[in-house]
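Q: So that you have it, the file is data26.txt, and it contains compact mmCIF, N, CA and C atoms and all ligand atoms:
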```txt
# COMPACT_ATOMS: atom_id res chain seq x y z
N MET A 28 59.49 169.55 78.92
CA MET A 28 60.63 168.96 79.62
C MET A 28 60.52 167.43 79.60
N SER A 29 59.41 166.92 80.10
CA SER A 29 59.28 165.45 80.15
C SER A 29 59.20 164.87 78.74
N ARG A 30 58.67 165.67 77.81
CA ARG A 30 58.59 165.20 76.42
C ARG A 30 59.97 165.02 75.82
N SER A 31 60.85 166.00 76.07
CA SER A 31 62.20 165.93 75.50
C SER A 31 62.99 164.80 76.15
N VAL A 32 62.76 164.56 77.43
CA VAL A 32 63.44 163.45 78.10
C VAL A 32 63.01 162.14 77.46
N THR A 33 61.71 162.03 77.19
CA THR A 33 61.19 160.81 76.56
C THR A 33 61.83 160.61 75.19
N LEU A 34 61.99 161.72 74.46
CA LEU A 34 62.59 161.64 73.13
C LEU A 34 64.04 161.17 73.22
N ILE A 35 64.77 161.74 74.19
CA ILE A 35 66.17 161.34 74.38
C ILE A 35 66.26 159.87 74.77
N GLU A 36 65.35 159.46 75.66
CA GLU A 36 65.34 158.06 76.08
C GLU A 36 65.09 157.13 74.89
N LEU A 37 64.18 157.55 74.03
CA LEU A 37 63.87 156.76 72.84
C LEU A 37 65.10 156.65 71.94
N LEU A 38 65.78 157.80 71.77
CA LEU A 38 66.97 157.85 70.94
C LEU A 38 68.06 156.93 71.49
N VAL A 39 68.24 156.98 72.81
CA VAL A 39 69.24 156.12 73.46
C VAL A 39 68.87 154.66 73.26
N PHE A 40 67.59 154.37 73.40
CA PHE A 40 67.13 152.98 73.24
C PHE A 40 67.41 152.48 71.82
N ILE A 41 67.12 153.34 70.83
CA ILE A 41 67.36 152.95 69.42
C ILE A 41 68.86 152.73 69.19
N LEU A 42 69.67 153.67 69.73
CA LEU A 42 71.13 153.56 69.60
C LEU A 42 71.63 152.26 70.21
N MET A 43 71.11 151.95 71.42
CA MET A 43 71.55 150.75 72.12
C MET A 43 71.15 149.50 71.34
N ALA A 44 69.95 149.52 70.80
CA ALA A 44 69.48 148.38 70.01
C ALA A 44 70.37 148.22 68.78
N GLY A 45 70.68 149.34 68.12
CA GLY A 45 71.51 149.32 66.93
C GLY A 45 72.91 148.79 67.23
N PHE A 46 73.48 149.27 68.34
CA PHE A 46 74.83 148.82 68.71
C PHE A 46 74.81 147.38 69.18
N PHE A 47 73.69 146.94 69.76
CA PHE A 47 73.58 145.54 70.16
C PHE A 47 73.65 144.65 68.92
N VAL A 48 72.87 145.03 67.90
CA VAL A 48 72.85 144.26 66.65
C VAL A 48 74.24 144.28 66.00
N ALA A 49 74.87 145.48 66.00
CA ALA A 49 76.20 145.61 65.39
C ALA A 49 77.19 144.70 66.11
N GLY A 50 77.17 144.73 67.43
CA GLY A 50 78.08 143.90 68.21
C GLY A 50 77.78 142.42 68.01
N TYR A 51 76.52 142.10 67.98
CA TYR A 51 76.07 140.72 67.80
C TYR A 51 76.59 140.18 66.47
N GLN A 52 76.42 140.99 65.43
CA GLN A 52 76.86 140.56 64.09
C GLN A 52 78.38 140.58 63.97
N GLY A 53 79.01 141.59 64.60
CA GLY A 53 80.46 141.71 64.56
C GLY A 53 81.12 140.49 65.17
N PHE A 54 80.57 140.03 66.29
CA PHE A 54 81.17 138.89 66.97
C PHE A 54 80.79 137.58 66.30
N ALA A 55 79.81 137.64 65.38
CA ALA A 55 79.39 136.41 64.70
C ALA A 55 80.38 136.02 63.61
N GLU A 56 81.24 136.98 63.22
CA GLU A 56 82.18 136.75 62.12
C GLU A 56 83.08 135.54 62.39
N GLY A 57 83.80 135.58 63.52
CA GLY A 57 84.77 134.53 63.79
C GLY A 57 84.15 133.29 64.40
N SER A 58 83.18 133.51 65.24
CA SER A 58 82.60 132.39 65.97
C SER A 58 81.10 132.37 65.79
N SER A 59 80.54 131.19 65.64
CA SER A 59 79.11 131.10 65.45
C SER A 59 78.39 130.87 66.79
N SER A 60 79.16 130.78 67.86
CA SER A 60 78.56 130.49 69.17
C SER A 60 77.64 131.63 69.62
N LEU A 61 76.49 131.26 70.13
CA LEU A 61 75.50 132.25 70.56
C LEU A 61 76.04 133.09 71.71
N ALA A 62 76.80 132.45 72.61
CA ALA A 62 77.35 133.16 73.77
C ALA A 62 78.24 134.31 73.31
N TRP A 63 79.07 134.06 72.30
CA TRP A 63 79.96 135.10 71.77
C TRP A 63 79.16 136.25 71.16
N ARG A 64 78.13 135.87 70.41
CA ARG A 64 77.30 136.91 69.78
C ARG A 64 76.63 137.78 70.83
N LEU A 65 76.10 137.13 71.87
CA LEU A 65 75.43 137.89 72.93
C LEU A 65 76.43 138.79 73.65
N LEU A 66 77.67 138.28 73.84
CA LEU A 66 78.72 139.10 74.46
C LEU A 66 79.00 140.32 73.59
N GLY A 67 79.10 140.08 72.29
CA GLY A 67 79.33 141.19 71.35
C GLY A 67 78.21 142.21 71.43
N GLY A 68 76.98 141.71 71.48
CA GLY A 68 75.81 142.58 71.59
C GLY A 68 75.85 143.39 72.87
N THR A 69 76.22 142.72 73.98
CA THR A 69 76.27 143.40 75.28
C THR A 69 77.34 144.50 75.27
N ILE A 70 78.49 144.18 74.68
CA ILE A 70 79.57 145.19 74.59
C ILE A 70 79.10 146.37 73.74
N GLY A 71 78.46 146.08 72.62
CA GLY A 71 77.96 147.14 71.75
C GLY A 71 76.96 148.01 72.48
N CYS A 72 76.06 147.36 73.17
CA CYS A 72 75.01 148.01 73.94
C CYS A 72 75.60 148.93 75.02
N SER A 73 76.51 148.38 75.83
CA SER A 73 77.03 149.16 76.94
C SER A 73 77.96 150.26 76.48
N SER A 74 78.55 150.12 75.26
CA SER A 74 79.42 151.19 74.79
C SER A 74 78.62 152.47 74.57
N VAL A 75 77.33 152.34 74.25
CA VAL A 75 76.47 153.52 74.11
C VAL A 75 76.35 154.22 75.47
N LEU A 76 76.10 153.43 76.50
CA LEU A 76 75.97 154.01 77.85
C LEU A 76 77.28 154.64 78.31
N VAL A 77 78.41 153.95 78.04
CA VAL A 77 79.72 154.47 78.43
C VAL A 77 79.96 155.81 77.72
N PHE A 78 79.60 155.86 76.44
CA PHE A 78 79.78 157.09 75.66
C PHE A 78 78.96 158.23 76.26
N ILE A 79 77.70 157.93 76.61
CA ILE A 79 76.82 158.95 77.19
C ILE A 79 77.40 159.44 78.53
N LEU A 80 77.84 158.50 79.36
CA LEU A 80 78.41 158.87 80.65
C LEU A 80 79.66 159.73 80.47
N LEU A 81 80.49 159.39 79.47
CA LEU A 81 81.68 160.18 79.18
C LEU A 81 81.30 161.61 78.79
N CYS A 82 80.27 161.73 77.93
CA CYS A 82 79.82 163.06 77.51
C CYS A 82 79.32 163.86 78.70
N LEU A 83 78.51 163.22 79.54
CA LEU A 83 77.98 163.90 80.72
C LEU A 83 79.12 164.33 81.64
N GLY A 84 80.09 163.43 81.82
CA GLY A 84 81.23 163.73 82.68
C GLY A 84 82.02 164.91 82.15
N LEU A 85 82.24 164.91 80.84
CA LEU A 85 83.00 165.99 80.20
C LEU A 85 82.24 167.31 80.32
N HIS A 86 80.93 167.25 80.11
CA HIS A 86 80.10 168.44 80.24
C HIS A 86 80.20 169.00 81.66
N THR A 87 80.10 168.12 82.66
CA THR A 87 80.20 168.54 84.06
C THR A 87 81.57 169.17 84.32
N LEU A 88 82.61 168.53 83.81
CA LEU A 88 83.98 168.98 84.04
C LEU A 88 84.22 170.37 83.46
N VAL A 89 83.67 170.63 82.28
CA VAL A 89 83.96 171.88 81.60
C VAL A 89 82.99 172.98 82.00
N PHE A 90 81.70 172.65 82.15
CA PHE A 90 80.70 173.72 82.34
C PHE A 90 80.10 173.80 83.74
N VAL A 91 80.11 172.72 84.48
CA VAL A 91 79.44 172.74 85.78
C VAL A 91 80.43 172.91 86.92
N GLY A 92 81.48 172.10 86.92
CA GLY A 92 82.45 172.18 88.00
C GLY A 92 82.46 170.90 88.81
N VAL A 93 83.66 170.54 89.29
CA VAL A 93 83.81 169.36 90.15
C VAL A 93 84.62 169.78 91.36
N PRO A 94 84.06 169.87 92.56
CA PRO A 94 82.64 169.65 92.86
C PRO A 94 81.77 170.74 92.25
N SER A 95 80.50 170.52 92.18
CA SER A 95 79.63 171.44 91.46
C SER A 95 79.43 172.77 92.19
N ARG A 96 79.80 172.83 93.47
CA ARG A 96 79.70 174.10 94.20
C ARG A 96 80.99 174.31 94.98
N PRO A 97 81.45 175.56 95.06
CA PRO A 97 82.70 175.82 95.79
C PRO A 97 82.48 175.80 97.30
N VAL A 98 83.56 175.82 98.05
CA VAL A 98 83.48 175.98 99.50
C VAL A 98 82.85 177.34 99.79
N CYS A 99 82.00 177.43 100.80
CA CYS A 99 81.27 178.68 101.05
C CYS A 99 82.21 179.79 101.53
N LYS A 100 81.71 181.02 101.53
CA LYS A 100 82.55 182.18 101.81
C LYS A 100 83.14 182.13 103.23
N GLN A 101 82.43 181.52 104.13
CA GLN A 101 82.95 181.41 105.49
C GLN A 101 83.87 180.21 105.65
N GLY A 102 84.00 179.46 104.58
CA GLY A 102 84.98 178.38 104.55
C GLY A 102 84.56 177.09 105.22
N GLY A 103 83.35 177.03 105.73
CA GLY A 103 82.95 175.85 106.50
C GLY A 103 82.18 174.80 105.74
N CYS A 104 81.61 175.18 104.60
CA CYS A 104 80.71 174.23 103.94
C CYS A 104 81.24 173.80 102.58
N ARG A 105 81.01 172.54 102.30
CA ARG A 105 81.42 172.00 101.01
C ARG A 105 80.22 171.82 100.11
N SER A 106 80.50 171.32 98.93
CA SER A 106 79.47 171.20 97.90
C SER A 106 78.18 170.55 98.40
N LYS A 107 78.32 169.46 99.16
CA LYS A 107 77.13 168.72 99.57
C LYS A 107 76.38 169.40 100.71
N ASP A 108 76.98 170.44 101.32
CA ASP A 108 76.35 171.09 102.47
C ASP A 108 75.34 172.16 102.07
N TYR A 109 75.24 172.43 100.78
CA TYR A 109 74.27 173.42 100.33
C TYR A 109 72.89 172.79 100.19
N ALA A 110 71.87 173.55 100.59
CA ALA A 110 70.51 173.07 100.43
C ALA A 110 69.76 174.05 99.54
N ILE A 111 68.86 173.52 98.74
CA ILE A 111 68.06 174.38 97.87
C ILE A 111 66.86 174.87 98.65
N LYS A 112 66.77 176.19 98.83
CA LYS A 112 65.68 176.75 99.63
C LYS A 112 65.10 177.98 98.95
N LEU A 113 63.89 178.34 99.37
CA LEU A 113 63.27 179.56 98.88
C LEU A 113 63.63 180.70 99.82
N VAL A 114 64.30 181.73 99.28
CA VAL A 114 64.65 182.90 100.06
C VAL A 114 64.06 184.11 99.34
N ASP A 115 63.19 184.87 100.00
CA ASP A 115 62.52 186.01 99.35
C ASP A 115 61.89 185.61 98.02
N LYS A 116 61.25 184.47 98.02
CA LYS A 116 60.55 183.96 96.84
C LYS A 116 61.49 183.58 95.69
N HIS A 117 62.79 183.49 95.95
CA HIS A 117 63.72 183.05 94.92
C HIS A 117 64.37 181.74 95.37
N VAL A 118 64.64 180.89 94.40
CA VAL A 118 65.33 179.64 94.71
C VAL A 118 66.81 179.95 94.93
N ARG A 119 67.30 179.61 96.11
CA ARG A 119 68.69 179.88 96.45
C ARG A 119 69.37 178.63 96.97
N LEU A 120 70.70 178.66 96.86
CA LEU A 120 71.49 177.60 97.48
C LEU A 120 71.94 178.14 98.83
N VAL A 121 71.48 177.51 99.90
CA VAL A 121 71.82 178.00 101.23
C VAL A 121 72.80 177.03 101.87
N CYS A 122 73.95 177.57 102.30
CA CYS A 122 74.97 176.70 102.89
C CYS A 122 74.68 176.50 104.38
N GLY A 123 75.47 175.69 105.01
CA GLY A 123 75.26 175.34 106.41
C GLY A 123 75.33 176.54 107.35
N CYS A 124 76.04 177.60 106.96
CA CYS A 124 76.14 178.80 107.79
C CYS A 124 74.88 179.65 107.68
N GLY A 125 74.02 179.33 106.72
CA GLY A 125 72.79 180.10 106.53
C GLY A 125 72.94 181.17 105.46
N ASP A 126 74.07 181.23 104.78
CA ASP A 126 74.26 182.22 103.71
C ASP A 126 73.62 181.71 102.42
N ALA A 127 73.06 182.67 101.66
CA ALA A 127 72.39 182.30 100.41
C ALA A 127 73.30 182.57 99.22
N TYR A 128 73.25 181.69 98.25
CA TYR A 128 74.04 181.83 97.04
C TYR A 128 73.14 181.56 95.84
N LYS A 129 73.56 182.06 94.70
CA LYS A 129 72.87 181.67 93.49
C LYS A 129 73.89 181.39 92.40
N ARG A 130 73.47 180.53 91.49
CA ARG A 130 74.38 180.13 90.43
C ARG A 130 73.85 180.62 89.10
N VAL A 131 74.70 181.31 88.34
CA VAL A 131 74.32 181.72 86.99
C VAL A 131 75.43 181.26 86.06
N GLY A 132 75.14 180.25 85.26
CA GLY A 132 76.16 179.68 84.39
C GLY A 132 77.30 179.13 85.23
N ARG A 133 78.52 179.63 84.98
CA ARG A 133 79.67 179.15 85.75
C ARG A 133 79.88 179.97 87.00
N ARG A 134 79.11 181.05 87.15
CA ARG A 134 79.32 181.94 88.29
C ARG A 134 78.56 181.47 89.51
N PHE A 135 79.21 181.58 90.64
CA PHE A 135 78.58 181.24 91.91
C PHE A 135 78.58 182.53 92.72
N MET A 136 77.40 183.10 92.98
CA MET A 136 77.33 184.41 93.61
C MET A 136 76.69 184.35 94.98
N ARG A 137 77.16 185.18 95.85
CA ARG A 137 76.62 185.27 97.19
C ARG A 137 75.46 186.25 97.14
N VAL A 138 74.33 185.90 97.70
CA VAL A 138 73.19 186.80 97.73
C VAL A 138 73.05 187.36 99.13
N ASN A 139 73.19 188.67 99.21
CA ASN A 139 73.18 189.34 100.51
C ASN A 139 72.21 190.51 100.43
N ASN A 140 71.20 190.55 101.27
CA ASN A 140 70.20 191.60 101.21
C ASN A 140 69.68 191.80 99.80
N ARG A 141 69.35 190.70 99.16
CA ARG A 141 68.80 190.68 97.80
C ARG A 141 69.78 191.13 96.73
N ARG A 142 71.03 191.40 97.11
CA ARG A 142 72.03 191.77 96.10
C ARG A 142 72.94 190.58 95.85
N ALA A 143 73.23 190.35 94.58
CA ALA A 143 74.13 189.25 94.23
C ALA A 143 75.53 189.80 94.05
N GLU A 144 76.48 189.34 94.85
CA GLU A 144 77.85 189.79 94.68
C GLU A 144 78.69 188.64 94.17
N PRO A 145 79.68 188.97 93.30
CA PRO A 145 80.50 187.90 92.74
C PRO A 145 81.26 187.16 93.84
N TYR A 146 81.36 185.88 93.70
CA TYR A 146 82.11 185.10 94.68
C TYR A 146 83.14 184.21 93.98
N MET A 147 82.65 183.13 93.36
CA MET A 147 83.57 182.22 92.70
C MET A 147 83.09 181.95 91.28
N ILE A 148 84.03 181.55 90.44
CA ILE A 148 83.69 181.19 89.07
C ILE A 148 84.45 179.92 88.70
N TRP A 149 83.76 179.02 88.00
CA TRP A 149 84.41 177.77 87.59
C TRP A 149 85.18 178.00 86.32
N ARG A 150 86.49 177.79 86.40
CA ARG A 150 87.33 177.94 85.22
C ARG A 150 88.04 176.62 84.96
N PHE A 151 87.56 175.93 83.92
CA PHE A 151 88.21 174.70 83.55
C PHE A 151 89.50 175.00 82.82
N PRO A 152 90.65 174.36 83.09
CA PRO A 152 90.84 173.28 84.05
C PRO A 152 91.39 173.75 85.38
N LEU A 153 91.31 175.05 85.67
CA LEU A 153 91.93 175.58 86.89
C LEU A 153 91.13 175.23 88.14
N GLY A 154 89.82 175.14 87.99
CA GLY A 154 88.98 174.85 89.15
C GLY A 154 88.19 176.08 89.56
N TRP A 155 87.71 176.09 90.79
CA TRP A 155 86.96 177.24 91.30
C TRP A 155 87.94 178.36 91.60
N ARG A 156 87.65 179.54 91.04
CA ARG A 156 88.52 180.69 91.24
C ARG A 156 87.70 181.85 91.77
N VAL A 157 88.37 182.78 92.46
CA VAL A 157 87.67 183.97 92.94
C VAL A 157 87.17 184.74 91.72
N ASP A 158 85.91 185.11 91.73
CA ASP A 158 85.30 185.80 90.60
C ASP A 158 85.54 187.29 90.72
N GLU A 159 86.36 187.81 89.80
CA GLU A 159 86.61 189.25 89.82
C GLU A 159 85.76 189.94 88.79
N GLY A 160 84.85 189.19 88.23
CA GLY A 160 83.99 189.73 87.17
C GLY A 160 82.85 190.55 87.72
N GLN A 161 81.85 190.68 86.89
CA GLN A 161 80.77 191.62 87.11
C GLN A 161 79.86 191.27 88.27
N GLY A 162 79.34 190.04 88.27
CA GLY A 162 78.29 189.74 89.23
C GLY A 162 77.14 190.68 88.96
N ASP A 163 76.73 191.43 89.98
CA ASP A 163 75.66 192.41 89.80
C ASP A 163 76.26 193.74 90.23
N LYS A 164 77.19 194.25 89.44
CA LYS A 164 78.12 195.26 89.93
C LYS A 164 77.47 196.49 90.56
N GLU A 165 76.57 197.14 89.83
CA GLU A 165 76.11 198.40 90.42
C GLU A 165 75.37 198.17 91.73
N ARG A 166 74.72 197.03 91.82
CA ARG A 166 74.02 196.75 93.06
C ARG A 166 74.99 196.47 94.20
N VAL A 167 76.14 195.88 93.86
CA VAL A 167 77.14 195.61 94.88
C VAL A 167 77.71 196.93 95.40
N ASP A 168 77.97 197.88 94.49
CA ASP A 168 78.53 199.16 94.89
C ASP A 168 77.61 199.90 95.85
N GLN A 169 76.33 199.72 95.67
CA GLN A 169 75.37 200.39 96.54
C GLN A 169 75.41 199.82 97.96
N ALA A 170 75.84 198.55 98.06
CA ALA A 170 75.72 197.86 99.34
C ALA A 170 76.68 198.43 100.40
ZN ZN A 201 78.78 177.91 104.93
```
Would you write the structure of this file as structure tokens?
Ligand SMILES: [Zn+2]
A:
Amino acid sequence: MSRSVTLIELLVFILMAGFFVAGYQGFAEGSSSLAWRLLGGTIGCSSVLVFILLCLGLHTLVFVGVPSRPVCKQGGCRSKDYAIKLVDKHVRLVCGCGDAYKRVGRRFMRVNNRRAEPYMIWRFPLGWRVDEGQGDKERVDQA
């Protein structure tokens, strides 16, 4: 994990350096002033960061959800009200009401007596929708 992050950081650094040089040289065409070249370099440099932020934003919008968690089943808690806690040795998202949830991909499931029942699913661009899908179906029927 930390190795891959380091690799990505290195890649970003190389990209930023490359775009800095490109911007620096690009702005050197019309004007020989150092200030202009540095401005060009800065624009080139920051365009890499802007691009990365755009990609992250798009990824969040399509695959994660905005907000990243739906309102809880009892209707009282919002995305920021969930806390990550250990419940029965599993990592769960526990809302302010004390209900446990788990997230699998785009699905947000309520965990009740160790059974995961479908709750909400993120559907871009519609938003959070009631999940009529599988969840953990046979276990839900037993409940
Ligand atoms: Zn709640």
Q: When you look at region 135-137 of chain A with a cut-off of 6.5 Å (counting all atoms listed in the file), what residues show up, excluding the ones that are within fewer than 6 positions of it in the same chain? I need them as a list in words.
A: Ala127, Tyr128, Lys129, Ala143, Glu144, Pro145, Tyr146, Met147, Ile148 and Trp149 of chain A
Q: Go ahead and dump the residues you just picked, N, CA and C atoms, as a tab-separated table (two decimals), keeping the file's coordinate frame.
A:
```tsv
chain	number	residue	atom	x	y	z
A	127	ALA	N	73.06	182.67	101.66
A	127	ALA	CA	72.39	182.30	100.41
A	127	ALA	C	73.30	182.57	99.22
A	128	TYR	N	73.25	181.69	98.25
A	128	TYR	CA	74.04	181.83	97.04
A	128	TYR	C	73.14	181.56	95.84
A	129	LYS	N	73.56	182.06	94.70
A	129	LYS	CA	72.87	181.67	93.49
A	129	LYS	C	73.89	181.39	92.40
A	143	ALA	N	73.23	190.35	94.58
A	143	ALA	CA	74.13	189.25	94.23
A	143	ALA	C	75.53	189.80	94.05
A	144	GLU	N	76.48	189.34	94.85
A	144	GLU	CA	77.85	189.79	94.68
A	144	GLU	C	78.69	188.64	94.17
A	145	PRO	N	79.68	188.97	93.30
A	145	PRO	CA	80.50	187.90	92.74
A	145	PRO	C	81.26	187.16	93.84
A	146	TYR	N	81.36	185.88	93.70
A	146	TYR	CA	82.11	185.10	94.68
A	146	TYR	C	83.14	184.21	93.98
A	147	MET	N	82.65	183.13	93.36
A	147	MET	CA	83.57	182.22	92.70
A	147	MET	C	83.09	181.95	91.28
A	148	ILE	N	84.03	181.55	90.44
A	148	ILE	CA	83.69	181.19	89.07
A	148	ILE	C	84.45	179.92	88.70
A	149	TRP	N	83.76	179.02	88.00
A	149	TRP	CA	84.41	177.77	87.59
A	149	TRP	C	85.18	178.00	86.32
```
Q: Residues within 6.5 Å of ligand ZN 201 (chain A) (all atoms listed in the file), as a tab-separated table (two decimals) with N, CA and C atoms, in the frame of the given file?
A:
```
chain	number	residue	atom	x	y	z
A	99	CYS	N	82.00	177.43	100.80
A	99	CYS	CA	81.27	178.68	101.05
A	99	CYS	C	82.21	179.79	101.53
A	100	LYS	N	81.71	181.02	101.53
A	100	LYS	CA	82.55	182.18	101.81
A	100	LYS	C	83.14	182.13	103.23
A	101	GLN	N	82.43	181.52	104.13
A	101	GLN	CA	82.95	181.41	105.49
A	101	GLN	C	83.87	180.21	105.65
A	102	GLY	N	84.00	179.46	104.58
A	102	GLY	CA	84.98	178.38	104.55
A	102	GLY	C	84.56	177.09	105.22
A	103	GLY	N	83.35	177.03	105.73
A	103	GLY	CA	82.95	175.85	106.50
A	103	GLY	C	82.18	174.80	105.74
A	104	CYS	N	81.61	175.18	104.60
A	104	CYS	CA	80.71	174.23	103.94
A	104	CYS	C	81.24	173.80	102.58
A	105	ARG	N	81.01	172.54	102.30
A	105	ARG	CA	81.42	172.00	101.01
A	105	ARG	C	80.22	171.82	100.11
A	122	CYS	N	73.95	177.57	102.30
A	122	CYS	CA	74.97	176.70	102.89
A	122	CYS	C	74.68	176.50	104.38
A	123	GLY	N	75.47	175.69	105.01
A	123	GLY	CA	75.26	175.34	106.41
A	123	GLY	C	75.33	176.54	107.35
A	124	CYS	N	76.04	177.60	106.96
A	124	CYS	CA	76.14	178.80	107.79
A	124	CYS	C	74.88	179.65	107.68
A	125	GLY	N	74.02	179.33	106.72
A	125	GLY	CA	72.79	180.10	106.53
A	125	GLY	C	72.94	181.17	105.46
A	126	ASP	N	74.07	181.23	104.78
A	126	ASP	CA	74.26	182.22	103.71
A	126	ASP	C	73.62	181.71	102.42
```
Q: My list of candidates is A:Leu37, A:Val131, A:Val32, A:Met43. Which is closest to Ser73 (chain A) when distances are computed with all atoms listed in the file?
A: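 Nearest candidate to Ser73 (chain A) out of A:Leu37, A:Val131, A:Val32, A:Met43: A:Met43.
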Q: Can you tell me how far CA of Gly68 (chain A) sits from CA of Val39 (chain A), in Å to one decimal?
A: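 For CA of Gly68 (chain A) relative to CA of Val39 (chain A), the distance reads 15.2 Å.
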Q: Provide the CA of Val91 (chain A) to CA of Phe78 (chain A) distance in Å, to one decimal place.
A: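 That distance, rounded to one decimal, is 18.6 Å.
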Q: Just asking: which residues within chain A are helix (DSSP H, G or I) according to DSSP, as a ChimeraX atom specification?
A: /A:29-55,61-91,106-108,164-169
Q: Tell me which of A:Leu83, A:Val118, A:Cys72, A:Ala110 sits closest to Ala44 (chain A), counting only N, CA and C atoms.
A: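 With only N, CA and C atoms as the atom set, the closest residue is A:Cys72.
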Q: Just how far from CA of Asp115 (chain A) is CA of Trp155 (chain A), in Å to one decimal?
A: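 Distance reported for this atom pair: 27.2 Å.
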Q: I want to know what sits within 6 Å of Gly67 (chain A), based on only C-alpha atoms, with residues of the same chain fewer than 4 positions away left out; could you give that as a compact mmCIF listing (two decimals) with N, CA and C atoms, keeping the file's coordinate frame?
A:
```txt
# COMPACT_ATOMS: atom_id res chain seq x y z
N GLY A 50 77.17 144.73 67.43
CA GLY A 50 78.08 143.90 68.21
C GLY A 50 77.78 142.42 68.01
N TYR A 51 76.52 142.10 67.98
CA TYR A 51 76.07 140.72 67.80
C TYR A 51 76.59 140.18 66.47
N PHE A 54 80.57 140.03 66.29
CA PHE A 54 81.17 138.89 66.97
C PHE A 54 80.79 137.58 66.30
```
Q: Using only C-alpha atoms, which residue out of A:His117, A:Lys112, A:Arg133, A:Arg64 lies closest to Gly154 (chain A)?
A: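 Of the candidates, the smallest distance to Gly154 (chain A) is held by A:Arg133.
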Q: With only C-alpha atoms as the basis for distance, which of A:Val157, A:Ala62, A:Leu34, A:Ala49 is at the shortest distance from Val98 (chain A)?
A: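 Closest to Val98 (chain A), using only C-alpha atoms: A:Val157.
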Q: Box time for region 85-100 of chain A: axis-aligned, enclosing all its listed atoms, 8 Å extra on each side; report centre and edge lengths in Å to one decimal, as AutoDock Vina command-line options.
A:
```
--center_x 82.0 --center_y 173.5 --center_z 91.7 --size_x 21.2 --size_y 33.3 --size_z 39.1
```
Q: For the strand (DSSP E or B) assignment from backbone DSSP, which residues of region 119-162 of chain A qualify? Please present them as a list in words.
A: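 Of region 119-162 of chain A, only Arg119, Leu120, Val121, Ala127, Tyr128, Lys129, Arg130, Val131, Arg134, Phe135, Met136, Arg137, Val138, Asn139, Arg142, Ala143, Glu144, Pro145, Tyr146, Met147, Ile148, Trp149, Arg150, Gly154, Trp155, Arg156 and Val157 of chain A fall in strand (DSSP E or B).
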Q: I want to know what sits within 7 Å of Phe151 (chain A), based on only N, CA and C atoms, with residues of the same chain fewer than 6 positions away left out; could you give that as a PyMOL selection string?
A: chain A and resi 88-90
Q: Please, could you write that set of residues out with N, CA and C atoms as a PDB file, in the frame of the given file?
A:
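Contents of again_22.pdb, as written:
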```pdb
ATOM      1  N   LEU A  88      82.610 168.530  83.810  1.00  0.00           N
ATOM      2  CA  LEU A  88      83.980 168.980  84.040  1.00  0.00           C
ATOM      3  C   LEU A  88      84.220 170.370  83.460  1.00  0.00           C
ATOM      4  N   VAL A  89      83.670 170.630  82.280  1.00  0.00           N
ATOM      5  CA  VAL A  89      83.960 171.880  81.600  1.00  0.00           C
ATOM      6  C   VAL A  89      82.990 172.980  82.000  1.00  0.00           C
ATOM      7  N   PHE A  90      81.700 172.650  82.150  1.00  0.00           N
ATOM      8  CA  PHE A  90      80.700 173.720  82.340  1.00  0.00           C
ATOM      9  C   PHE A  90      80.100 173.800  83.740  1.00  0.00           C
TER      10      PHE A  90
END
```
Q: Pick the closest to Leu76 (chain A) from A:Pro152, A:Leu113, A:Glu159, A:Leu42: which is it, counting only N, CA and C atoms?
A: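 Closest residue, counting only N, CA and C atoms: A:Leu42.
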